file input-v4.cif (mmCIF, C-alpha atoms)
data_work
#
loop_
_atom_site.label_atom_id
_atom_site.label_comp_id
_atom_site.auth_asym_id
_atom_site.auth_seq_id
_atom_site.Cartn_x
_atom_site.Cartn_y
_atom_site.Cartn_z
CA MET V 1 297.68 111.19 -95.29
CA ALA V 2 299.95 113.42 -97.38
CA GLU V 3 302.72 110.93 -96.71
CA PHE V 4 300.56 108.17 -98.15
CA PHE V 5 299.99 110.11 -101.37
CA GLN V 6 303.71 110.89 -101.72
CA MET V 7 304.55 107.17 -101.77
CA GLY V 8 308.02 107.81 -100.40
CA GLY V 9 308.86 110.03 -103.35
CA TYR V 10 307.66 107.51 -105.94
CA ALA V 11 304.20 109.05 -106.39
CA ALA V 12 304.92 109.90 -110.04
CA PHE V 13 305.34 106.19 -110.78
CA VAL V 14 302.97 104.43 -108.41
CA TRP V 15 299.83 106.49 -108.93
CA PRO V 16 299.89 106.61 -112.74
CA SER V 17 300.20 102.80 -112.81
CA TYR V 18 297.14 102.42 -110.62
CA ALA V 19 295.18 105.09 -112.46
CA LEU V 20 295.95 103.57 -115.85
CA THR V 21 295.02 100.09 -114.64
CA MET V 22 291.67 101.30 -113.36
CA LEU V 23 291.03 103.25 -116.57
CA VAL V 24 291.72 100.27 -118.83
CA LEU V 25 289.62 97.93 -116.67
CA TRP V 26 286.77 100.44 -116.69
CA LEU V 27 286.93 100.83 -120.48
CA ASN V 28 286.78 97.08 -121.07
CA TRP V 29 283.71 96.97 -118.87
CA TYR V 30 281.95 100.12 -120.04
CA LEU V 31 282.34 99.90 -123.85
CA PRO V 32 280.72 96.46 -124.31
CA ARG V 33 277.88 97.50 -121.99
CA LYS V 34 277.20 100.56 -124.09
CA GLN V 35 277.39 98.55 -127.27
CA HIS V 36 275.02 95.97 -125.83
CA GLU V 37 272.42 98.65 -125.17
CA LYS V 38 272.88 100.02 -128.67
CA GLU V 39 272.44 96.55 -130.13
CA LEU V 40 269.21 96.02 -128.17
CA ARG V 41 267.87 99.42 -129.26
CA LEU V 42 268.62 98.52 -132.86
CA LEU V 43 266.76 95.26 -132.42
CA LYS V 44 263.71 97.01 -130.99
CA ARG V 45 263.62 99.53 -133.81
CA ARG V 46 263.85 96.76 -136.38
CA ARG V 47 261.03 94.83 -134.78
CA LYS V 48 258.84 97.96 -134.83
CA ALA V 49 259.59 98.49 -138.50
CA GLU V 50 258.64 94.89 -139.24
CA LYS V 51 255.29 95.21 -137.47
CA GLN V 52 254.22 98.22 -139.50
CA MET X 1 278.29 66.66 -117.66
CA PHE X 2 278.49 66.43 -121.41
CA LEU X 3 274.86 67.42 -121.71
CA TRP X 4 275.47 70.44 -119.53
CA PHE X 5 278.48 71.40 -121.65
CA HIS X 6 276.45 70.95 -124.80
CA LYS X 7 273.64 73.10 -123.47
CA LEU X 8 276.00 75.83 -122.35
CA GLY X 9 277.47 75.83 -125.81
CA SER X 10 274.21 76.93 -127.39
CA PRO X 11 274.20 80.71 -127.94
CA PRO X 12 270.79 81.58 -126.44
CA HIS X 13 271.48 79.54 -123.31
CA PHE X 14 274.91 81.10 -122.84
CA TYR X 15 273.50 84.56 -123.44
CA ARG X 16 270.94 84.06 -120.65
CA ILE X 17 273.33 82.42 -118.17
CA ALA X 18 275.96 85.11 -118.72
CA GLY X 19 273.34 87.81 -118.14
CA LYS X 20 272.40 86.17 -114.83
CA TRP X 21 275.99 85.88 -113.66
CA ILE X 22 277.10 89.40 -114.54
CA PRO X 23 275.70 91.20 -111.44
CA TRP X 24 277.17 88.59 -109.09
CA LEU X 25 280.55 88.71 -110.77
CA SER X 26 280.55 92.52 -110.63
CA TRP X 27 280.08 92.60 -106.86
CA ILE X 28 282.61 89.82 -106.23
CA PHE X 29 285.15 91.64 -108.39
CA LEU X 30 284.55 94.95 -106.62
CA ALA X 31 284.94 93.36 -103.19
CA LEU X 32 288.15 91.57 -104.17
CA LEU X 33 289.55 94.70 -105.81
CA LEU X 34 288.93 96.83 -102.74
CA ALA X 35 290.42 94.15 -100.47
CA GLY X 36 293.47 93.83 -102.71
CA LEU X 37 294.00 97.58 -102.95
CA TYR X 38 293.62 98.01 -99.19
CA GLY X 39 296.04 95.19 -98.50
CA GLY X 40 298.52 96.35 -101.10
CA LEU X 41 298.50 100.11 -100.61
CA ILE X 42 297.84 100.41 -96.88
CA LEU X 43 298.52 97.19 -94.96
CA ALA X 44 301.64 95.96 -96.77
CA PRO X 45 304.90 97.35 -95.37
CA PRO X 46 307.36 99.17 -97.65
CA ASP X 47 310.06 97.00 -99.20
CA TYR X 48 313.42 97.26 -97.44
CA GLN X 49 315.24 97.69 -100.76
CA GLN X 50 312.78 99.35 -103.11
CA GLY X 51 310.81 101.45 -100.62
CA GLU X 52 307.29 102.38 -101.68
CA SER X 53 307.91 102.01 -105.42
CA TYR X 54 307.46 98.24 -105.24
CA ARG X 55 303.72 98.77 -104.67
CA ILE X 56 303.33 98.76 -108.45
CA ILE X 57 303.75 94.99 -108.08
CA PHE X 58 300.11 94.64 -107.00
CA VAL X 59 298.86 95.66 -110.44
CA HIS X 60 301.91 94.67 -112.50
CA VAL X 61 302.26 90.99 -111.62
CA PRO X 62 298.54 90.09 -111.80
CA SER X 63 298.34 91.87 -115.18
CA ALA X 64 301.31 89.92 -116.49
CA TRP X 65 299.79 86.65 -115.25
CA MET X 66 296.48 87.47 -116.92
CA SER X 67 298.20 88.37 -120.20
CA LEU X 68 299.59 84.82 -120.35
CA PHE X 69 296.52 83.10 -118.95
CA ILE X 70 294.15 84.69 -121.47
CA TYR X 71 296.37 83.69 -124.37
CA VAL X 72 296.34 80.09 -123.15
CA VAL X 73 292.54 80.26 -122.92
CA MET X 74 292.47 81.52 -126.52
CA ALA X 75 294.72 78.70 -127.72
CA PHE X 76 292.47 76.20 -125.95
CA CYS X 77 289.46 77.73 -127.72
CA GLY X 78 291.47 77.38 -130.93
CA ILE X 79 291.72 73.63 -130.44
CA VAL X 80 287.98 73.40 -129.72
CA ILE X 81 287.21 75.43 -132.86
CA ILE X 82 289.40 73.33 -135.13
CA VAL X 83 288.30 69.97 -133.75
CA TRP X 84 284.60 70.51 -132.92
CA ARG X 85 283.73 73.77 -134.73
CA MET X 86 281.94 74.97 -131.63
CA LYS X 87 280.32 78.39 -132.09
CA LEU X 88 280.68 79.47 -128.49
CA ALA X 89 284.43 78.83 -128.55
CA GLU X 90 284.70 81.16 -131.54
CA VAL X 91 282.92 83.90 -129.62
CA VAL X 92 285.01 83.35 -126.48
CA LEU X 93 288.26 83.41 -128.46
CA ILE X 94 287.60 86.66 -130.25
CA SER X 95 286.05 88.34 -127.21
CA SER X 96 289.11 87.42 -125.13
CA ALA X 97 291.59 89.07 -127.49
CA PRO X 98 290.96 92.74 -126.57
CA ILE X 99 290.91 91.90 -122.85
CA GLY X 100 294.18 90.01 -123.15
CA ALA X 101 295.71 92.84 -125.16
CA SER X 102 294.63 95.27 -122.41
CA PHE X 103 296.32 93.25 -119.68
CA THR X 104 299.47 92.89 -121.78
CA PHE X 105 299.50 96.63 -122.34
CA LEU X 106 299.04 97.21 -118.60
CA ALA X 107 301.84 94.79 -117.72
CA LEU X 108 304.18 96.61 -120.11
CA VAL X 109 303.31 100.14 -119.00
CA THR X 110 303.23 99.47 -115.25
CA GLY X 111 306.45 97.50 -115.67
CA SER X 112 308.21 100.41 -117.32
CA LEU X 113 306.85 102.81 -114.68
CA TRP X 114 308.41 100.50 -112.12
CA GLY X 115 311.60 100.12 -114.12
CA LYS X 116 312.30 103.85 -114.33
CA PRO X 117 312.97 104.42 -110.60
CA MET X 118 314.55 100.98 -110.08
CA TRP X 119 316.72 100.44 -113.16
CA GLY X 120 316.91 104.06 -114.32
CA THR X 121 315.27 103.32 -117.66
CA TYR X 122 311.74 102.82 -118.92
CA TRP X 123 312.72 100.07 -121.32
CA VAL X 124 315.44 97.51 -121.95
CA TRP X 125 315.48 94.98 -124.73
CA ASP X 126 315.76 92.03 -122.43
CA ALA X 127 314.09 88.69 -122.87
CA ARG X 128 311.07 89.09 -120.70
CA LEU X 129 310.15 92.61 -121.78
CA THR X 130 310.68 91.79 -125.43
CA SER X 131 308.55 88.67 -125.30
CA GLU X 132 305.78 90.49 -123.47
CA LEU X 133 305.87 93.06 -126.29
CA ILE X 134 305.69 90.21 -128.82
CA LEU X 135 302.68 88.90 -126.93
CA LEU X 136 301.00 92.29 -127.38
CA PHE X 137 301.63 92.09 -131.13
CA LEU X 138 300.24 88.54 -131.20
CA TYR X 139 297.04 89.82 -129.59
CA LEU X 140 296.88 92.70 -132.07
CA GLY X 141 297.47 90.20 -134.91
CA VAL X 142 294.51 88.11 -133.74
CA ILE X 143 292.29 91.20 -133.61
CA GLY X 144 293.54 92.47 -136.97
CA LEU X 145 293.12 89.16 -138.75
CA HIS X 146 289.62 88.73 -137.36
CA ASN X 147 288.63 92.21 -138.53
CA ALA X 148 290.09 91.66 -142.01
CA ILE X 149 287.99 88.59 -142.85
CA GLU X 150 284.36 89.29 -143.70
CA ASP X 151 282.83 85.90 -142.95
CA LYS X 152 283.03 85.59 -139.17
CA ARG X 153 283.05 81.80 -139.17
CA VAL X 154 286.02 81.70 -141.55
CA ALA X 155 287.66 84.45 -139.51
CA ALA X 156 287.28 82.36 -136.36
CA ARG X 157 289.07 79.40 -137.96
CA ALA X 158 291.91 81.63 -139.16
CA VAL X 159 292.28 83.17 -135.72
CA ALA X 160 292.19 79.71 -134.11
CA ILE X 161 295.20 78.62 -136.18
CA LEU X 162 297.04 81.85 -135.37
CA ALA X 163 296.36 81.48 -131.64
CA LEU X 164 297.73 77.94 -131.69
CA VAL X 165 300.88 78.97 -133.55
CA GLY X 166 301.40 81.92 -131.22
CA VAL X 167 301.04 79.84 -128.08
CA VAL X 168 304.57 78.56 -128.73
CA ASN X 169 305.63 81.98 -127.54
CA ILE X 170 304.17 81.48 -124.07
CA PRO X 171 306.80 79.06 -122.69
CA ILE X 172 309.49 81.27 -124.22
CA ILE X 173 308.18 84.18 -122.19
CA HIS X 174 307.82 82.10 -119.08
CA TYR X 175 311.28 80.62 -119.04
CA SER X 176 313.16 83.53 -120.54
CA VAL X 177 314.16 84.83 -117.13
CA GLU X 178 315.83 81.55 -116.24
CA TRP X 179 317.53 81.28 -119.64
CA TRP X 180 319.04 84.70 -119.83
CA HIS X 181 320.73 87.01 -117.41
CA SER X 182 318.55 90.02 -117.32
CA LEU X 183 317.66 93.10 -115.35
CA HIS X 184 314.22 91.76 -114.63
CA GLN X 185 314.01 90.18 -111.22
CA GLY X 186 313.11 86.52 -110.92
CA ALA X 187 309.55 85.30 -110.76
CA SER X 188 307.77 87.03 -107.88
CA LEU X 189 306.00 83.98 -106.61
CA SER X 190 307.28 80.66 -107.83
CA LYS X 191 307.12 78.25 -104.90
CA PHE X 192 304.10 78.50 -102.74
CA ASP X 193 305.67 76.56 -99.90
CA LYS X 194 308.53 79.03 -99.45
CA PRO X 195 307.85 82.45 -100.95
CA SER X 196 310.65 85.01 -100.90
CA MET X 197 308.42 87.70 -99.41
CA PRO X 198 306.28 87.99 -96.27
CA PRO X 199 302.55 87.11 -96.39
CA SER X 200 301.60 90.79 -95.97
CA MET X 201 303.08 91.31 -99.45
CA TYR X 202 302.13 88.19 -101.35
CA VAL X 203 298.59 87.84 -100.04
CA PRO X 204 297.50 91.17 -101.65
CA ILE X 205 299.12 90.01 -104.91
CA LEU X 206 297.08 86.81 -104.80
CA ILE X 207 293.89 88.73 -103.97
CA MET X 208 294.50 91.12 -106.87
CA ALA X 209 295.21 88.16 -109.17
CA LEU X 210 291.92 86.58 -108.13
CA ALA X 211 290.14 89.90 -108.66
CA PHE X 212 291.60 90.12 -112.17
CA GLN X 213 290.48 86.56 -112.92
CA VAL X 214 286.92 87.40 -111.90
CA TYR X 215 287.18 90.61 -113.90
CA TYR X 216 288.24 88.64 -116.97
CA VAL X 217 285.14 86.44 -116.77
CA LEU X 218 282.98 89.51 -116.19
CA ALA X 219 284.38 91.49 -119.13
CA LEU X 220 284.35 88.35 -121.26
CA PHE X 221 280.65 87.79 -120.58
CA HIS X 222 279.87 91.40 -121.49
CA LYS X 223 281.81 91.16 -124.75
CA CYS X 224 280.45 87.70 -125.61
CA ARG X 225 276.86 88.91 -125.23
CA VAL X 226 277.45 91.74 -127.70
CA GLU X 227 279.31 89.47 -130.11
CA LEU X 228 276.52 86.86 -129.94
CA LEU X 229 273.83 89.47 -130.64
CA GLN X 230 275.75 90.80 -133.62
CA ARG X 231 276.46 87.38 -135.10
CA GLU X 232 273.01 85.92 -134.62
CA ARG X 233 271.08 89.04 -135.49
CA ASN X 234 268.72 87.14 -137.78
CA SER X 235 268.19 84.04 -135.69
CA LYS X 236 264.99 83.19 -133.89
CA TRP X 237 266.19 83.53 -130.31
CA VAL X 238 267.46 87.06 -130.86
CA GLY X 239 264.12 87.98 -132.36
CA GLU X 240 262.41 86.78 -129.21
CA LEU X 241 264.53 88.85 -126.82
CA MET Y 1 303.84 71.88 -148.59
CA LEU Y 2 307.43 71.34 -147.45
CA ALA Y 3 308.55 71.29 -151.08
CA LYS Y 4 307.04 74.73 -151.66
CA VAL Y 5 308.73 76.12 -148.56
CA CYS Y 6 312.03 74.56 -149.66
CA ALA Y 7 311.73 76.25 -153.04
CA HIS Y 8 311.04 79.57 -151.32
CA TRP Y 9 314.09 79.09 -149.12
CA LEU Y 10 316.27 78.32 -152.14
CA VAL Y 11 315.47 81.72 -153.68
CA THR Y 12 315.59 83.76 -150.44
CA GLY Y 13 317.63 82.01 -147.74
CA LEU Y 14 320.33 80.48 -149.91
CA PRO Y 15 321.41 83.74 -151.62
CA LEU Y 16 321.63 85.36 -148.20
CA LEU Y 17 323.84 82.52 -147.02
CA LEU Y 18 326.12 83.05 -150.05
CA VAL Y 19 326.30 86.84 -149.70
CA ALA Y 20 326.77 86.86 -145.93
CA PRO Y 21 330.54 86.03 -145.84
CA LEU Y 22 331.20 88.84 -148.30
CA LEU Y 23 329.18 91.34 -146.26
CA ALA Y 24 330.78 90.16 -143.03
CA GLU Y 25 334.24 90.78 -144.52
CA MET Y 26 333.23 94.20 -145.80
CA LEU Y 27 331.78 95.24 -142.44
CA GLY Y 28 334.89 94.05 -140.66
CA MET Y 29 333.35 91.27 -138.60
CA SER Y 30 335.85 89.34 -136.50
CA SER Y 31 336.95 86.07 -138.04
CA GLN Y 32 335.78 83.92 -135.12
CA ALA Y 33 332.22 85.22 -135.48
CA GLN Y 34 331.94 84.46 -139.21
CA PRO Y 35 331.34 80.69 -139.03
CA VAL Y 36 328.71 81.32 -136.33
CA LEU Y 37 327.07 83.90 -138.57
CA LEU Y 38 326.81 81.37 -141.39
CA LEU Y 39 325.52 78.69 -139.02
CA THR Y 40 322.78 80.96 -137.63
CA ILE Y 41 321.72 81.97 -141.14
CA LEU Y 42 321.70 78.33 -142.20
CA ILE Y 43 319.44 77.35 -139.28
CA GLY Y 44 317.49 80.60 -139.04
CA THR Y 45 316.33 81.31 -142.58
CA PRO Y 46 314.38 78.04 -143.02
CA ILE Y 47 312.51 78.89 -139.79
CA LEU Y 48 311.58 82.27 -141.26
CA SER Y 49 310.36 80.62 -144.47
CA LEU Y 50 308.31 78.08 -142.52
CA ILE Y 51 306.67 80.73 -140.32
CA GLY Y 52 306.11 82.97 -143.33
CA ALA Y 53 304.24 80.18 -145.09
CA ILE Y 54 301.67 80.05 -142.28
CA GLY Y 55 301.21 83.81 -142.45
CA VAL Y 56 300.77 83.84 -146.22
CA ALA Y 57 298.30 80.96 -146.09
CA LEU Y 58 296.23 82.81 -143.48
CA THR Y 59 296.07 86.06 -145.45
CA VAL Y 60 296.04 84.78 -149.04
CA GLY Y 61 292.50 85.87 -149.88
CA LEU Y 62 292.51 89.25 -148.16
CA ARG Y 63 292.55 92.68 -149.75
CA LYS Y 64 294.66 94.29 -147.01
CA GLY Y 65 296.68 91.09 -146.66
CA GLY Y 66 300.10 92.74 -146.73
CA ILE Y 67 299.73 94.80 -143.56
CA ILE Y 68 298.08 91.99 -141.66
CA LEU Y 69 300.75 89.57 -142.86
CA SER Y 70 303.57 91.62 -141.36
CA LEU Y 71 301.61 92.07 -138.14
CA LEU Y 72 301.16 88.30 -137.86
CA VAL Y 73 304.60 87.17 -138.90
CA LEU Y 74 307.06 89.72 -137.48
CA PRO Y 75 306.38 88.96 -133.80
CA LEU Y 76 306.96 85.27 -134.50
CA TYR Y 77 310.27 86.12 -136.17
CA VAL Y 78 311.63 88.05 -133.20
CA PRO Y 79 312.78 85.11 -131.01
CA VAL Y 80 314.80 83.70 -133.93
CA LEU Y 81 316.46 87.06 -134.51
CA ILE Y 82 317.22 87.50 -130.81
CA PHE Y 83 318.87 84.11 -130.39
CA ALA Y 84 320.86 84.43 -133.61
CA ALA Y 85 322.06 87.94 -132.76
CA SER Y 86 323.00 86.81 -129.26
CA ALA Y 87 324.98 83.87 -130.69
CA ILE Y 88 326.98 86.14 -133.00
CA GLU Y 89 327.60 88.65 -130.23
CA ASN Y 90 328.90 85.90 -127.94
CA ALA Y 91 331.06 84.45 -130.71
CA ALA Y 92 332.61 87.86 -131.40
CA MET Y 93 333.61 88.07 -127.74
CA GLY Y 94 334.97 84.55 -127.82
CA PHE Y 95 332.31 82.94 -125.63
CA ASP Y 96 330.50 79.63 -126.03
CA VAL Y 97 327.52 79.76 -128.39
CA SER Y 98 326.20 76.19 -128.17
CA ALA Y 99 323.20 77.18 -126.01
CA GLN Y 100 321.89 79.63 -128.62
CA ILE Y 101 322.56 77.23 -131.49
CA TYR Y 102 320.68 74.44 -129.71
CA MET Y 103 317.80 76.86 -129.11
CA LEU Y 104 317.70 77.75 -132.82
CA LEU Y 105 317.80 74.06 -133.73
CA ALA Y 106 314.87 73.45 -131.39
CA PHE Y 107 312.96 76.27 -133.12
CA LEU Y 108 313.77 74.72 -136.49
CA LEU Y 109 312.51 71.28 -135.46
CA LEU Y 110 309.40 72.80 -133.94
CA SER Y 111 308.57 74.86 -137.02
CA LEU Y 112 309.37 71.92 -139.32
CA SER Y 113 306.81 69.77 -137.53
CA LEU Y 114 304.18 72.44 -136.86
CA SER Y 115 304.29 74.67 -139.93
CA PRO Y 116 303.17 72.23 -142.68
CA TRP Y 117 300.14 71.29 -140.61
CA ALA Y 118 299.22 74.88 -139.81
CA THR Y 119 299.82 76.04 -143.38
CA ALA Y 120 297.63 73.29 -144.78
CA ALA Y 121 294.83 74.05 -142.32
CA ALA Y 122 295.04 77.77 -143.08
CA LEU Y 123 294.99 77.17 -146.83
CA ARG Y 124 291.96 74.91 -146.55
CA MET Y 125 290.22 77.68 -144.63
CA SER Y 126 291.30 80.44 -147.03
CA VAL Y 127 290.15 78.76 -150.24
CA SER Y 128 286.88 77.35 -148.87
#
call {"tool": "encode", "arguments": {"input": "input-v4.cif", "output": "structure tokens"}}
result
Amino acid sequence: MAEFFQMGGYAAFVWPSYALTMLVLWLNWYLPRKQHEKELRLLKRRRKAEKQ
Amino acid sequence: MFLWFHKLGSPPHFYRIAGKWIPWLSWIFLALLLAGLYGGLILAPPDYQQGESYRIIFVHVPSAWMSLFIYVVMAFCGIVIIVWRMKLAEVVLISSAPIGASFTFLALVTGSLWGKPMWGTYWVWDARLTSELILLFLYLGVIGLHNAIEDKRVAARAVAILALVGVVNIPIIHYSVEWWHSLHQGASLSKFDKPSMPPSMYVPILIMALAFQVYYVLALFHKCRVELLQRERNSKWVGEL
Amino acid sequence: MLAKVCAHWLVTGLPLLLVAPLLAEMLGMSSQAQPVLLLTILIGTPILSLIGAIGVALTVGLRKGGIILSLLVLPLYVPVLIFAASAIENAAMGFDVSAQIYMLLAFLLLSLSLSPWATAAALRMSVS
């Protein structure tokens, strides 16, 4: 197991590449989702204001 | 077929369809990603020359492919915008830009992390690296130009022209390795009938590439939905959501 | 459109072409590289003018146009600069430079055919 994480001495290069890839993919997925929710909340609030 | 295309092009319809597809795409992407990572990090044998460091290939090459592919998609949207003024193409073009920029960034960074142990340097000004960097600036230019123009429909036309002009850069990137002697190794997978590496290495690359393709559609749908809501804030279908 | 770009080239590219031999002499460039330098400037500068026209047309109505303009145009300039620099480097070492010159000529033809169309489309969009 430890051998796997050492990547034959290249751990400092292999793991950051994978970590960064996952981080960027996650951001591109998470940020629009959050914004979508915000947009829907805004819409709801506006509709409420119109009703009153 | 045309009717289907026409219907898909209408914002409310696309919004609904994309929302339905998103959960499916998420699970398919996750499954492919796990399969690709397992194949690449555990099953694939170490390279006889580069040892374990070559494993960066499983994220580097698919990212580089996607960086080119997404730009071509954007240029295609550009044609559709200029010729038919289709609203959905405008949304797809501008939503693709940040995703494409992300993959370009990843290709550059993972490439330099691979270059350090192999070539002894993070960066060389060779053809392929330079043109990938140019591609990143092209993506940033598209995003910047779109942000600078207030009217989003005018902005979309401007960005469409820019995407078409920039697409000239794509063949330059693609063939640069053949044109110039460079440090960068040749294309990893060029001929499918006789690849230069064993299946245990290229199959994970293909799985990861497929995973990234699915991811692109997934992220694109998420971004398009937000963009559609923002653009059509005052239209009837958004009011009925 | 082409006439406008030509006029622009006459006030930017042409002076550069005239000054270049002087600068090359002053900086001690080898004599075999000098004709190649002039040739690359002769082919290269019109390409820069043609690409620049597209960029200006896209950003003409914008407040922060200057920054965006350089962001749009500089990446498109880079291939021209790379091929021209590589030609001069090869010439200085006494190698063949025809490949780079043909490449630059191809860029010139491409931008000559593409740029007027793109500039016109961008202008129509900017003024509408």
call {"tool": "resolve_selection", "arguments": {"input": "input-v4.cif", "expression": "the PyMOL selection byres ((chain X) within 7 of (chain V))", "output": "VMD selection string"}}
result
chain X and resid 51 to 53 55 to 56 59 99 102 106 110 113 to 114 219 222 to 223 226
call {"tool": "resolve_selection", "arguments": {"input": "input-v4.cif", "expression": "the PyMOL selection byres ((chain Y and resi 3-19) around 8)", "output": "CSV table (one decimal) with C-alpha atoms, in the frame of the given file"}}
result
chain,number,residue,atom,x,y,z
Y,1,MET,CA,303.8,71.9,-148.6
Y,2,LEU,CA,307.4,71.3,-147.4
Y,20,ALA,CA,326.8,86.9,-145.9
Y,21,PRO,CA,330.5,86.0,-145.8
Y,22,LEU,CA,331.2,88.8,-148.3
Y,23,LEU,CA,329.2,91.3,-146.3
Y,38,LEU,CA,326.8,81.4,-141.4
Y,41,ILE,CA,321.7,82.0,-141.1
Y,42,LEU,CA,321.7,78.3,-142.2
Y,45,THR,CA,316.3,81.3,-142.6
Y,46,PRO,CA,314.4,78.0,-143.0
Y,49,SER,CA,310.4,80.6,-144.5
Y,50,LEU,CA,308.3,78.1,-142.5
Y,53,ALA,CA,304.2,80.2,-145.1
call {"tool": "residues_around", "arguments": {"input": "input-v4.cif", "residues": "Leu110 in chain Y", "least_positions_apart": "6", "cutoff": "12 Å", "atoms": "all atoms listed in the file", "output": "short mmCIF file (atom, residue, chain, number, x, y, z; two decimals) with C-alpha atoms, in the coordinates of the input"}}
result
data_model
loop_
_atom_site.label_atom_id
_atom_site.label_comp_id
_atom_site.auth_asym_id
_atom_site.auth_seq_id
_atom_site.Cartn_x
_atom_site.Cartn_y
_atom_site.Cartn_z
CA VAL X 165 300.88 78.97 -133.55
CA VAL X 168 304.57 78.56 -128.73
CA ASN X 169 305.63 81.98 -127.54
CA PRO Y 46 314.38 78.04 -143.02
CA ILE Y 47 312.51 78.89 -139.79
CA LEU Y 50 308.31 78.08 -142.52
CA ILE Y 51 306.67 80.73 -140.32
CA MET Y 103 317.80 76.86 -129.11
CA LEU Y 104 317.70 77.75 -132.82
CA PRO Y 116 303.17 72.23 -142.68
CA TRP Y 117 300.14 71.29 -140.61
CA ALA Y 118 299.22 74.88 -139.81
#
call {"tool": "resolve_selection", "arguments": {"input": "input-v4.cif", "expression": "the PyMOL selection byres ((chain X and resi 135-149) around 6)", "output": "ChimeraX atom specification"}}
result
/X:97,101,104,132-134,150-151,155,159 /Y:71-72
call {"tool": "write_last_selection", "arguments": {"input": "input-v4.cif", "atoms": "C-alpha atoms", "output": "PDB file, in the coordinates of the input"}}
result
ATOM      1  CA  ALA X  97     291.590  89.070-127.490  1.00  0.00           C
ATOM      2  CA  ALA X 101     295.710  92.840-125.160  1.00  0.00           C
ATOM      3  CA  THR X 104     299.470  92.890-121.780  1.00  0.00           C
ATOM      4  CA  GLU X 132     305.780  90.490-123.470  1.00  0.00           C
ATOM      5  CA  LEU X 133     305.870  93.060-126.290  1.00  0.00           C
ATOM      6  CA  ILE X 134     305.690  90.210-128.820  1.00  0.00           C
ATOM      7  CA  GLU X 150     284.360  89.290-143.700  1.00  0.00           C
ATOM      8  CA  ASP X 151     282.830  85.900-142.950  1.00  0.00           C
ATOM      9  CA  ALA X 155     287.660  84.450-139.510  1.00  0.00           C
ATOM     10  CA  VAL X 159     292.280  83.170-135.720  1.00  0.00           C
TER      11      VAL X 159
ATOM     12  CA  LEU Y  71     301.610  92.070-138.140  1.00  0.00           C
ATOM     13  CA  LEU Y  72     301.160  88.300-137.860  1.00  0.00           C
TER      14      LEU Y  72
END
call {"tool": "atom_distance", "arguments": {"input": "input-v4.cif", "atom1": "CA of His60 in chain X", "atom2": "CA of Gly111 in chain X"}}
result
6.2 Å
